[in-house]
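Below is one structure, written out as structure tokens; the observations come after it.
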Amino acid sequence: MKPSYTAGLVAALLGTTNVVAQRPVDALTPFFLQLRSSNTTFNNRYLFACNTGAATETLCHGNKLSPRSAATFTWASTYAPNTGVLIRNMELGGRSVPAPMALVFNPGTNVALSWPPPGLSTIGWDNNVMYLATYPDDRHYQDGVVPDLNVKHRSGSFYMCWMLAGNYYYTVLAWASTTPQNPTCQSVHVSRVYPAV
Ligand SMILES: *[C@@H]1O[C@H](CO)[C@@H](O)[C@H](O)[C@H]1NC(C)=O
């Protein structure tokens, strides 16, 4: 684990804790992420964190919630009521450390991989279906007209793709703004599912 990585996580932890104190309703209830897809290989499967290298993870799919801790997520809403940060508690050296989701691009692909921290990506929920919320949406830019940066846009779509994730090839959750060039990518929706109490 690199020192800079630790510093980023601690900063994320402190920031998130403040947010939780202000918005307890959104942030505290853990949930699972379940896939919906017309492809039966992925429909109803659950996402869980899988290792991609030393202290790095991404999201793989499985047919059950085991290990349960790797399939449990929380969401910290920031300033806007409907968008925030998807968080997973990573086990690092016997401690549970909150890791915010970030999308990361490799220039050899046009799909972004979720989660190699540090970083943050803003997500929102539409009837408990996850979407990526971004400020800029350059599909509608007009030359010289500065866009309203207070408006968040729903960007792109989620896919399950067989691709390089850290050090390994896995079938993982990925995100693309247009049609993925990777022919293995299958379209999915990611649903937030609260466990039965
Ligand atoms: C579903 O996804 C799997 C894994 O990527 C793929 O092998 C299969 O061809 C897909 N099925 C359909 C109907 O597209």
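Just remember, in the structure tokens the first chain shown is A, the second B, etc., residues are 1-based per chain, and ligands are 1-based in the order shown.
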| query | Which polymer residues have any atom within 6 Å of an atom of Gly53 of chain A, counting only C-alpha atoms, with same-chain residues fewer than 2 positions away left out, as a PyMOL selection string? | reply | chain A and resi 51+56+167
(Q) I'd like to know which residues of segment 60-197 of chain A are strand (DSSP E) (by DSSP, run on the backbone); could you write them as a PyMOL selection string? (A) chain A and resi 60-62+73-77+83-92+95-100+103-104+112-114+122-126+129-134+153-155+157-165+168-176+186-193
When the cut-off is 8 Å and you count only C-alpha atoms and all ligand atoms, which residues lie near ligand 1, shown as a PyMOL selection string? chain A and resi 38-42+160-162+171+184-186
Restricting to only C-alpha atoms, whichever of A:Asn150, A:Ser114, A:Ser69, A:Ser191 is closest to Asp137 of chain A is A:Asn150
Requested in this report: Please identify all polymer residues within 10 Å of Thr178 of chain A, counting only C-alpha atoms, omitting same-chain residues fewer than 4 positions from it, and present them as a list in words.
Outcome: Asn110, Val111, Ser155, Gly156 and Ser157 of chain A
Please produce a file of those selected residues containing all heavy atoms, as a tab-separated table (two decimals), in the first residue's frame.
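What ended up in out_28.tsv:
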```tsv
chain	number	residue	atom	x	y	z
A	110	ASN	N	-12.44	2.22	-24.53
A	110	ASN	CA	-13.35	3.35	-24.32
A	110	ASN	C	-14.35	3.05	-23.21
A	110	ASN	O	-15.38	3.69	-23.11
A	110	ASN	CB	-14.04	3.78	-25.62
A	110	ASN	CG	-15.13	2.83	-26.05
A	110	ASN	OD1	-15.13	1.65	-25.69
A	110	ASN	ND2	-16.07	3.32	-26.83
A	111	VAL	N	-14.07	2.04	-22.38
A	111	VAL	CA	-14.90	1.81	-21.20
A	111	VAL	C	-14.07	2.07	-19.95
A	111	VAL	O	-12.88	1.76	-19.90
A	111	VAL	CB	-15.52	0.39	-21.16
A	111	VAL	CG1	-16.48	0.19	-22.31
A	111	VAL	CG2	-14.47	-0.68	-21.13
A	155	SER	N	-25.06	10.37	-17.27
A	155	SER	CA	-24.13	10.10	-18.35
A	155	SER	C	-23.93	8.61	-18.57
A	155	SER	O	-23.73	7.86	-17.61
A	155	SER	CB	-22.76	10.72	-18.05
A	155	SER	OG	-22.86	12.10	-18.02
A	156	GLY	N	-23.94	8.21	-19.84
A	156	GLY	CA	-23.51	6.87	-20.23
A	156	GLY	C	-24.31	5.74	-19.62
A	156	GLY	O	-25.43	5.92	-19.15
A	157	SER	N	-23.73	4.54	-19.67
A	157	SER	CA	-24.42	3.33	-19.23
A	157	SER	C	-23.40	2.37	-18.62
A	157	SER	O	-22.21	2.45	-18.91
A	157	SER	CB	-25.08	2.60	-20.41
A	157	SER	OG	-25.86	3.47	-21.15
```
Per residue of segment 110-166 of chain A within 12 Å of segment 71-75 of chain A, note the shortest atom pair and the distance in Å to one decimal, counting only C-alpha atoms, and order the rows by chain and increasing residue number, as CSV.
```
residue,atom,partner,partner_atom,distance
A:Leu120,CA,A:Trp75,CA,12.0
A:Ser121,CA,A:Trp75,CA,11.6
A:Thr122,CA,A:Trp75,CA,10.2
A:Ile123,CA,A:Trp75,CA,8.9
A:Gly124,CA,A:Trp75,CA,9.4
A:Trp125,CA,A:Trp75,CA,10.2
A:Asn128,CA,A:Trp75,CA,11.7
A:Met130,CA,A:Trp75,CA,11.0
```
Take the selection from the previous step and output its residues with N, CA, C and O atoms, as a short mmCIF file (atom, residue, chain, number, x, y, z; two decimals), in the first residue's frame.
```cif
data_model
loop_
_atom_site.label_atom_id
_atom_site.label_comp_id
_atom_site.auth_asym_id
_atom_site.auth_seq_id
_atom_site.Cartn_x
_atom_site.Cartn_y
_atom_site.Cartn_z
N LEU A 120 -13.11 10.02 -6.74
CA LEU A 120 -14.54 10.00 -6.47
C LEU A 120 -15.29 10.10 -7.79
O LEU A 120 -14.88 10.84 -8.66
N SER A 121 -16.36 9.36 -7.93
CA SER A 121 -17.29 9.58 -9.03
C SER A 121 -18.66 9.79 -8.40
O SER A 121 -19.00 9.12 -7.43
N THR A 122 -19.43 10.71 -8.97
CA THR A 122 -20.73 11.00 -8.39
C THR A 122 -21.79 10.13 -9.05
O THR A 122 -21.90 10.10 -10.27
N ILE A 123 -22.54 9.43 -8.22
CA ILE A 123 -23.61 8.61 -8.76
C ILE A 123 -24.94 9.06 -8.17
O ILE A 123 -25.00 9.70 -7.13
N GLY A 124 -26.01 8.71 -8.88
CA GLY A 124 -27.35 8.97 -8.40
C GLY A 124 -28.19 7.73 -8.59
O GLY A 124 -27.73 6.71 -9.13
N TRP A 125 -29.44 7.82 -8.14
CA TRP A 125 -30.34 6.67 -8.20
C TRP A 125 -31.64 7.11 -8.83
O TRP A 125 -32.20 8.14 -8.45
N ASN A 128 -33.92 3.51 -7.56
CA ASN A 128 -32.90 2.57 -7.09
C ASN A 128 -32.05 1.95 -8.20
O ASN A 128 -31.35 0.97 -7.97
N MET A 130 -28.82 2.66 -10.49
CA MET A 130 -27.65 3.53 -10.40
C MET A 130 -27.33 4.21 -11.73
O MET A 130 -27.40 3.58 -12.78
#
```
Spatial neighbours of Arg88 of chain A, max dist 12 Å, only C-alpha atoms, sep filter under 2 positions, as a ChimeraX atom specification: /A:9,12-13,16,27,30-33,47-50,56-59,68-76,85-86,90-91,96-102,114-117
Given the selection you just returned, output its residues as a file containing C-alpha atoms, formatted as a JSON list (two decimals), in the first residue's frame.
```
[["chain", "number", "residue", "atom", "x", "y", "z"],
["A", 9, "LEU", "CA", -8.48, 7.25, 1.96],
["A", 12, "ALA", "CA", -12.17, 10.44, 2.04],
["A", 13, "LEU", "CA", -13.00, 8.94, 5.41],
["A", 16, "THR", "CA", -17.54, 11.18, 4.32],
["A", 27, "ALA", "CA", -25.84, 7.46, 4.10],
["A", 30, "PRO", "CA", -26.08, -0.58, 3.64],
["A", 31, "PHE", "CA", -27.35, -2.25, 0.47],
["A", 32, "PHE", "CA", -26.45, -4.81, -2.17],
["A", 33, "LEU", "CA", -26.01, -4.13, -5.89],
["A", 47, "LEU", "CA", -21.80, -7.33, -7.65],
["A", 48, "PHE", "CA", -19.04, -7.91, -5.16],
["A", 49, "ALA", "CA", -15.57, -6.41, -4.70],
["A", 50, "CYS", "CA", -12.80, -8.56, -6.15],
["A", 56, "THR", "CA", -7.07, -2.40, -5.16],
["A", 57, "GLU", "CA", -10.47, -3.76, -6.08],
["A", 58, "THR", "CA", -13.10, -3.62, -8.76],
["A", 59, "LEU", "CA", -16.59, -5.10, -9.10],
["A", 68, "ARG", "CA", -21.42, -10.81, 2.24],
["A", 69, "SER", "CA", -19.05, -8.08, 3.41],
["A", 70, "ALA", "CA", -17.61, -7.74, -0.12],
["A", 71, "ALA", "CA", -21.12, -7.26, -1.53],
["A", 72, "THR", "CA", -22.25, -4.58, 0.92],
["A", 73, "PHE", "CA", -22.12, -0.93, -0.08],
["A", 74, "THR", "CA", -23.19, 2.40, 1.33],
["A", 75, "TRP", "CA", -23.88, 5.72, -0.32],
["A", 76, "ALA", "CA", -22.92, 9.15, 0.97],
["A", 85, "VAL", "CA", -20.65, 8.73, -3.66],
["A", 86, "LEU", "CA", -20.83, 4.95, -3.67],
["A", 90, "MET", "CA", -12.31, -2.32, 2.20],
["A", 91, "GLU", "CA", -10.56, -4.61, 4.62],
["A", 96, "SER", "CA", -12.28, -1.44, 7.62],
["A", 97, "VAL", "CA", -11.51, 1.57, 5.43],
["A", 98, "PRO", "CA", -14.18, 3.37, 3.38],
["A", 99, "ALA", "CA", -13.23, 3.42, -0.32],
["A", 100, "PRO", "CA", -15.25, 5.71, -2.63],
["A", 101, "MET", "CA", -15.97, 4.54, -6.16],
["A", 102, "ALA", "CA", -14.07, 6.21, -8.98],
["A", 114, "SER", "CA", -14.96, 1.18, -11.52],
["A", 115, "TRP", "CA", -13.11, 1.55, -8.32],
["A", 116, "PRO", "CA", -9.36, 1.65, -8.39],
["A", 117, "PRO", "CA", -9.06, 4.35, -5.70]]
```
Those in segment 69-167 of chain A with helix (DSSP H, G or I) from DSSP, as an MDAnalysis selection string = chainID A and resid 69:71 138:140
Can I get the selected residues back with all heavy atoms, as a PDB file, in the first residue's frame?
```pdb
ATOM      1  N   SER A  69     -19.667  -9.387   3.155  1.00  0.00           N
ATOM      2  CA  SER A  69     -19.046  -8.078   3.410  1.00  0.00           C
ATOM      3  C   SER A  69     -18.543  -7.446   2.110  1.00  0.00           C
ATOM      4  O   SER A  69     -18.561  -6.226   1.961  1.00  0.00           O
ATOM      5  CB  SER A  69     -17.899  -8.219   4.403  1.00  0.00           C
ATOM      6  OG  SER A  69     -16.903  -9.054   3.856  1.00  0.00           O
ATOM      7  N   ALA A  70     -18.118  -8.280   1.144  1.00  0.00           N
ATOM      8  CA  ALA A  70     -17.612  -7.741  -0.118  1.00  0.00           C
ATOM      9  C   ALA A  70     -18.740  -7.276  -1.026  1.00  0.00           C
ATOM     10  O   ALA A  70     -18.503  -6.628  -2.040  1.00  0.00           O
ATOM     11  CB  ALA A  70     -16.766  -8.787  -0.837  1.00  0.00           C
ATOM     12  N   ALA A  71     -19.983  -7.627  -0.688  1.00  0.00           N
ATOM     13  CA  ALA A  71     -21.125  -7.261  -1.526  1.00  0.00           C
ATOM     14  C   ALA A  71     -21.981  -6.184  -0.871  1.00  0.00           C
ATOM     15  O   ALA A  71     -23.080  -5.910  -1.319  1.00  0.00           O
ATOM     16  CB  ALA A  71     -21.980  -8.503  -1.798  1.00  0.00           C
ATOM     17  N   ASP A 138     -20.945  17.317 -22.790  1.00  0.00           N
ATOM     18  CA  ASP A 138     -20.479  18.069 -23.959  1.00  0.00           C
ATOM     19  C   ASP A 138     -21.224  17.721 -25.241  1.00  0.00           C
ATOM     20  O   ASP A 138     -20.978  18.313 -26.289  1.00  0.00           O
ATOM     21  CB  ASP A 138     -18.959  17.947 -24.121  1.00  0.00           C
ATOM     22  CG  ASP A 138     -18.479  16.549 -24.448  1.00  0.00           C
ATOM     23  OD1 ASP A 138     -19.324  15.649 -24.645  1.00  0.00           O
ATOM     24  OD2 ASP A 138     -17.257  16.356 -24.510  1.00  0.00           O
ATOM     25  N   ARG A 139     -22.190  16.810 -25.170  1.00  0.00           N
ATOM     26  CA  ARG A 139     -23.011  16.547 -26.356  1.00  0.00           C
ATOM     27  C   ARG A 139     -23.845  17.768 -26.709  1.00  0.00           C
ATOM     28  O   ARG A 139     -24.314  17.914 -27.831  1.00  0.00           O
ATOM     29  CB  ARG A 139     -23.955  15.360 -26.108  1.00  0.00           C
ATOM     30  CG  ARG A 139     -23.243  14.033 -26.022  1.00  0.00           C
ATOM     31  CD  ARG A 139     -24.173  12.961 -25.526  1.00  0.00           C
ATOM     32  NE  ARG A 139     -24.690  13.287 -24.194  1.00  0.00           N
ATOM     33  CZ  ARG A 139     -25.543  12.525 -23.522  1.00  0.00           C
ATOM     34  NH1 ARG A 139     -25.995  11.419 -24.061  1.00  0.00           N
ATOM     35  NH2 ARG A 139     -25.957  12.877 -22.326  1.00  0.00           N
ATOM     36  N   HIS A 140     -24.085  18.646 -25.733  1.00  0.00           N
ATOM     37  CA  HIS A 140     -24.973  19.795 -25.977  1.00  0.00           C
ATOM     38  C   HIS A 140     -24.234  21.127 -25.925  1.00  0.00           C
ATOM     39  O   HIS A 140     -24.858  22.167 -25.776  1.00  0.00           O
ATOM     40  CB  HIS A 140     -26.115  19.766 -24.956  1.00  0.00           C
ATOM     41  CG  HIS A 140     -26.857  18.461 -24.976  1.00  0.00           C
ATOM     42  ND1 HIS A 140     -27.584  18.031 -26.058  1.00  0.00           N
ATOM     43  CD2 HIS A 140     -26.917  17.456 -24.068  1.00  0.00           C
ATOM     44  CE1 HIS A 140     -28.087  16.832 -25.797  1.00  0.00           C
ATOM     45  NE2 HIS A 140     -27.692  16.458 -24.603  1.00  0.00           N
TER      46      HIS A 140
END
```
Within 6 Å of Tyr159 of chain A, counting only C-alpha atoms, which residues qualify if same-chain residues fewer than 3 places away don't, as a CSV table (one decimal) with N, CA and C atoms, in the first residue's frame?
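To be explicit, this is the file written out as selection.csv:
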```csv
chain,number,residue,atom,x,y,z
A,173,LEU,N,-17.7,-4.8,-13.7
A,173,LEU,CA,-18.6,-3.7,-14.0
A,173,LEU,C,-17.8,-2.6,-14.7
A,174,ALA,N,-18.3,-2.1,-15.8
A,174,ALA,CA,-17.6,-1.0,-16.5
A,174,ALA,C,-18.6,0.0,-16.9
A,175,TRP,N,-18.2,1.2,-17.3
A,175,TRP,CA,-19.0,2.3,-17.7
A,175,TRP,C,-18.6,2.8,-19.0
A,185,CYS,N,-18.6,-6.6,-24.0
A,185,CYS,CA,-19.4,-5.9,-23.1
A,185,CYS,C,-20.9,-6.1,-23.3
A,186,GLN,N,-21.6,-6.4,-22.2
A,186,GLN,CA,-23.0,-6.7,-22.2
A,186,GLN,C,-23.7,-5.6,-21.3
A,187,SER,N,-24.8,-5.0,-21.8
A,187,SER,CA,-25.5,-3.9,-21.1
A,187,SER,C,-26.1,-4.5,-19.9
A,188,VAL,N,-26.0,-3.7,-18.8
A,188,VAL,CA,-26.7,-4.1,-17.5
A,188,VAL,C,-27.2,-2.8,-16.8
```
What separates atom CA of His189 of chain A and atom CA of Gln34 of chain A is a distance of 8.3 Å
Check your understanding: In terms of the shortest atom-to-atom distance over only C-alpha atoms, which of A:Ser77, A:Val190, A:Ala133, A:Gly62 is closest to Leu35 of chain A?
Key ->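 Of A:Ser77, A:Val190, A:Ala133, A:Gly62, the one nearest Leu35 of chain A, counting only C-alpha atoms, is A:Val190.
Atom CA of His153 of chain A lies 7.2 Å from atom CA of Pro136 of chain A.
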